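The structure appears below as structure tokens.
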Amino acid sequence: MLSIAIPVYNHNILPLVERLHREASSLNISFEILVCDDASTAVVPNQSITRFSHTRFLQNSVNQHVAYTRNRLLQEAQYPWILLLDADVFPQSETFIQTYIHQRNNGFFFQGGFTYPTKNPTDNQSLRLTYGQTIEQHKHLHSCCNLFFNQRELQLQFDETITEYGYEDTLFFLNLAKREIKVTRLNNPVIHFSTESNQTYLERSKQACWGLANLIQLGKIQTDEVQLSRIYHQLQHCHFTFVLSIVDTLLGSYIQRNLLGKKPSMTGFKWFKLLEYHKASQGIQKS
């Protein structure tokens with residue numbers, strides 16, 4: 001009936017698996033929990049999940065990125081319904097799985113959403129949590145951190161050519177739309193517990209901007225399908241992109257210092273991504 005699939009990298013998955021196993025066991029359904037480790041470099045006790053019944057631990061011999069790992073989990077799954085979760089989340093509701101199970105006659109693809117802890121962020125982790133609390137959790141249309149779908153019916157795949165961070169979830173949802181697969185959004189969130197430092201998240205955001213520029217260059221995403229590239233294209237159409245180079249020269253360092261500080265500006269974060277996308281687009285055009 002249900003295969004719970006969780007890709008993991010450098011994260012302790014044991015509390016999440018224990019929580020999911022407890023609820024699934026109480027529901028009188030056939031289920032399995034599949035965890036695939038993407039060649040973690042940190043020492044985490046994830047193999048110990050096999051002490052729970054109906055649980056399997058898989059491991060990639062080398063780091064393959066999340067798309068490959070998700071696809072491997074989908075291939076290994078023995079049941080038609082998939083509950084796909086990220087490793088750094090935790091169900092908010094005590095009836096998390098049950099809520100999904102009750103929906104299975106109402107469609108083939110469901111998105112439960114996510115939220116963030118209400119705690120105040122530490123100075124070193126303020127950027128990720130501030131962005132999550134103020135923007136991301138309210139606009140999570142393209143997120144694969146909490147999905148429930150019928151794989152036997154839909155035969156979904158993730159694009160394994162994306163081997164860097166950024167916009168793989170967006171591409172996945174755009175492909176759903178092209179196949180006219182209806183996405184039913186439910187109020188069944190997980191809590192996202194991010195531990196990324198400001199520096200790490202800023203670097204990953206920069207990487208995502210370059211990744212988006214590459215996906216657009218390859219024709220996998222159209223410029224008008226993502227807000228960042230759409231705004232940039234409008235500036236390009238008006239021959240105003242030179243302004244971004246000036247802003248970067250005058251304010252780029254100040255914006256980055258603010259984003260690495262204890263009170264990052266979300267307006268500054270938007271400017272940071274626009275400036276990085278500008279550099280990425282120029283770099284790709286020159287190459």
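Every chain in the structure tokens has a letter given in the order shown (A, B, ...), and although residue numbers restart at 1 in each chain, ligands are simply numbered from 1 in the order shown.
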Range 276-285 of chain A environment, 6 Å, only C-alpha atoms, sequence neighbours closer than 6 positions dropped, as a PyMOL selection string: chain A and resi 209-210+213
So that each row is one residue of range 158-238 of chain A with an atom at most 9 Å from range 113-118 of chain A, can you give its shortest atom pair and the distance in Å to one decimal, using only C-alpha atoms, rows by chain and rising number, as CSV?
residue,atom,partner,partner_atom,distance
A:Arg185,CA,A:Gly113,CA,7.4
A:Leu186,CA,A:Gly113,CA,7.1
A:Asn187,CA,A:Gly113,CA,6.7
A:Asn188,CA,A:Gly113,CA,6.4
A:Pro189,CA,A:Phe114,CA,4.4
A:Val190,CA,A:Phe114,CA,4.7
A:Ile191,CA,A:Thr115,CA,4.9
A:His192,CA,A:Tyr116,CA,5.2
A:Phe193,CA,A:Tyr116,CA,6.7
A:Ser194,CA,A:Tyr116,CA,8.5
Who sits within 9 Å of Ser30 in chain A, only C-alpha atoms, same chain under 3 positions skipped, as a VMD selection string: chain A and resid 1 to 3 24 to 25 27 54 79
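Look at range 37-44 of chain A: the protein and nucleic acid residues within 7 Å of it, using only C-alpha atoms and passing over chain neighbours fewer than 3 places away, are Pro7, Val8, Tyr9, Asn10, His11, Asn12, Leu58, Gln59, Asn60, Ser61, Val62, Asn63, Gln64, His65 and Thr69 of chain A.
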Distance query Glu164 in chain A at most 12 Å, only C-alpha atoms, self and fewer than 2 positions along chain excluded, as a PyMOL selection string: chain A and resi 63-68+159-162+166-168+203-212+214-215
Taking C-alpha atoms for each residue, export the selection above as a PDB file, in the first residue's frame.
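Result saved to part_39.pdb:
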ATOM      1  CA  ASN A  63      27.491  10.989  -3.964  1.00  0.00           C
ATOM      2  CA  GLN A  64      24.908  11.129  -6.753  1.00  0.00           C
ATOM      3  CA  HIS A  65      22.768  14.126  -5.744  1.00  0.00           C
ATOM      4  CA  VAL A  66      19.127  14.131  -4.747  1.00  0.00           C
ATOM      5  CA  ALA A  67      17.480  13.413  -8.128  1.00  0.00           C
ATOM      6  CA  TYR A  68      19.338  10.109  -8.579  1.00  0.00           C
ATOM      7  CA  ASP A 159      15.894  14.729 -13.841  1.00  0.00           C
ATOM      8  CA  GLU A 160      19.239  13.127 -12.967  1.00  0.00           C
ATOM      9  CA  THR A 161      21.175  15.515 -15.199  1.00  0.00           C
ATOM     10  CA  ILE A 162      20.809  18.111 -12.424  1.00  0.00           C
ATOM     11  CA  GLY A 166      18.845  24.505  -7.075  1.00  0.00           C
ATOM     12  CA  TYR A 167      15.577  24.374  -9.011  1.00  0.00           C
ATOM     13  CA  GLU A 168      15.359  20.586  -9.366  1.00  0.00           C
ATOM     14  CA  GLU A 203      26.729  29.757  -1.253  1.00  0.00           C
ATOM     15  CA  ARG A 204      23.913  27.323  -2.041  1.00  0.00           C
ATOM     16  CA  SER A 205      21.696  30.216  -3.139  1.00  0.00           C
ATOM     17  CA  LYS A 206      24.450  31.423  -5.445  1.00  0.00           C
ATOM     18  CA  GLN A 207      24.784  27.899  -6.835  1.00  0.00           C
ATOM     19  CA  ALA A 208      21.024  27.786  -7.408  1.00  0.00           C
ATOM     20  CA  CYS A 209      21.130  31.001  -9.470  1.00  0.00           C
ATOM     21  CA  TRP A 210      23.787  29.510 -11.716  1.00  0.00           C
ATOM     22  CA  GLY A 211      21.806  26.288 -11.905  1.00  0.00           C
ATOM     23  CA  LEU A 212      18.705  28.160 -13.031  1.00  0.00           C
ATOM     24  CA  ASN A 214      21.990  26.679 -16.994  1.00  0.00           C
ATOM     25  CA  LEU A 215      18.538  25.075 -17.047  1.00  0.00           C
TER      26      LEU A 215
END
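Proximity to Gly261 in chain A was assessed for A:Leu127, A:Leu85, A:Cys144, A:Ile221 counting only C-alpha atoms; the smallest distance is recorded for A:Leu127.
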Pick from A:Met266, A:Ala177, A:Ile6, A:Leu141, whichever lies nearest to Val89 in chain A using only C-alpha atoms: A:Ile6
Step one, run DSSP on the backbone; step two, keep only residues of range 74-183 of chain A assigned to strand (DSSP E); then write them as an mmCIF file with N, CA and C atoms, in the first residue's frame.
data_model
loop_
_atom_site.group_PDB
_atom_site.id
_atom_site.type_symbol
_atom_site.label_atom_id
_atom_site.label_comp_id
_atom_site.auth_asym_id
_atom_site.auth_seq_id
_atom_site.Cartn_x
_atom_site.Cartn_y
_atom_site.Cartn_z
ATOM 1 N N TRP A 81 1.642 3.574 -3.580
ATOM 2 C CA TRP A 81 1.619 4.925 -3.016
ATOM 3 C C TRP A 81 2.959 5.252 -2.368
ATOM 4 N N ILE A 82 3.459 6.436 -2.704
ATOM 5 C CA ILE A 82 4.754 6.907 -2.202
ATOM 6 C C ILE A 82 4.533 8.119 -1.314
ATOM 7 N N LEU A 83 5.151 8.094 -0.153
ATOM 8 C CA LEU A 83 5.260 9.291 0.692
ATOM 9 C C LEU A 83 6.720 9.705 0.648
ATOM 10 N N LEU A 84 7.002 10.768 -0.101
ATOM 11 C CA LEU A 84 8.379 11.231 -0.301
ATOM 12 C C LEU A 84 8.659 12.407 0.622
ATOM 13 N N LEU A 85 9.671 12.238 1.477
ATOM 14 C CA LEU A 85 10.015 13.255 2.453
ATOM 15 C C LEU A 85 11.496 13.603 2.376
ATOM 16 N N VAL A 89 13.038 16.979 7.983
ATOM 17 C CA VAL A 89 11.687 17.416 8.333
ATOM 18 C C VAL A 89 11.117 16.507 9.412
ATOM 19 N N PHE A 90 9.984 16.930 9.988
ATOM 20 C CA PHE A 90 9.308 16.128 11.004
ATOM 21 C C PHE A 90 7.824 16.456 10.947
ATOM 22 N N PRO A 91 6.945 15.439 10.977
ATOM 23 C CA PRO A 91 5.505 15.709 10.878
ATOM 24 C C PRO A 91 5.006 16.619 11.986
ATOM 25 N N PHE A 109 -1.961 12.808 -6.740
ATOM 26 C CA PHE A 109 -0.771 13.561 -6.325
ATOM 27 C C PHE A 109 -1.169 14.623 -5.310
ATOM 28 N N PHE A 110 -0.517 14.572 -4.140
ATOM 29 C CA PHE A 110 -0.839 15.483 -3.051
ATOM 30 C C PHE A 110 0.439 16.112 -2.496
ATOM 31 N N GLN A 111 0.311 17.377 -2.103
ATOM 32 C CA GLN A 111 1.418 18.100 -1.491
ATOM 33 C C GLN A 111 0.951 18.624 -0.137
ATOM 34 N N PHE A 114 4.914 22.678 4.165
ATOM 35 C CA PHE A 114 5.885 22.669 5.259
ATOM 36 C C PHE A 114 5.846 23.993 5.997
ATOM 37 N N THR A 115 6.397 23.967 7.185
ATOM 38 C CA THR A 115 6.505 25.162 8.003
ATOM 39 C C THR A 115 7.869 25.150 8.675
ATOM 40 N N ASN A 146 7.634 17.056 0.911
ATOM 41 C CA ASN A 146 6.495 16.408 1.565
ATOM 42 C C ASN A 146 5.426 16.104 0.521
ATOM 43 N N LEU A 147 5.585 14.981 -0.179
ATOM 44 C CA LEU A 147 4.681 14.616 -1.270
ATOM 45 C C LEU A 147 4.091 13.227 -1.050
ATOM 46 N N PHE A 148 2.869 13.043 -1.515
ATOM 47 C CA PHE A 148 2.174 11.758 -1.457
ATOM 48 C C PHE A 148 1.559 11.519 -2.829
ATOM 49 N N PHE A 149 1.971 10.444 -3.505
ATOM 50 C CA PHE A 149 1.481 10.228 -4.870
ATOM 51 C C PHE A 149 1.465 8.742 -5.223
ATOM 52 N N ASN A 150 0.679 8.439 -6.261
ATOM 53 C CA ASN A 150 0.557 7.069 -6.746
ATOM 54 C C ASN A 150 1.564 6.861 -7.878
#
Helix (DSSP H, G or I) per DSSP on the backbone: members of range 132-271 of chain A, as a PyMOL selection string: chain A and resi 132-134+136-138+151-154+168-178+198-217+223-225+227-237+242-259+266-271
Contacts of Glu76 in chain A at 12 Å (only C-alpha atoms; same-chain gap of 2+ positions) as a PyMOL selection string: chain A and resi 3-6+32-36+56-58+69-74+78-80+82+151
Residue nearest Lys139 in chain A among A:Thr184, A:Tyr232, A:Gly107, A:Gln227 (counting only C-alpha atoms):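 Result for the nearest residue to Lys139 in chain A: A:Gln227.
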Point-to-point distance from CA of Thr130 in chain A to CA of Leu259 in chain A, Å rounded to tenths: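 Separating CA of Thr130 in chain A from CA of Leu259 in chain A is a distance of 10.3 Å.
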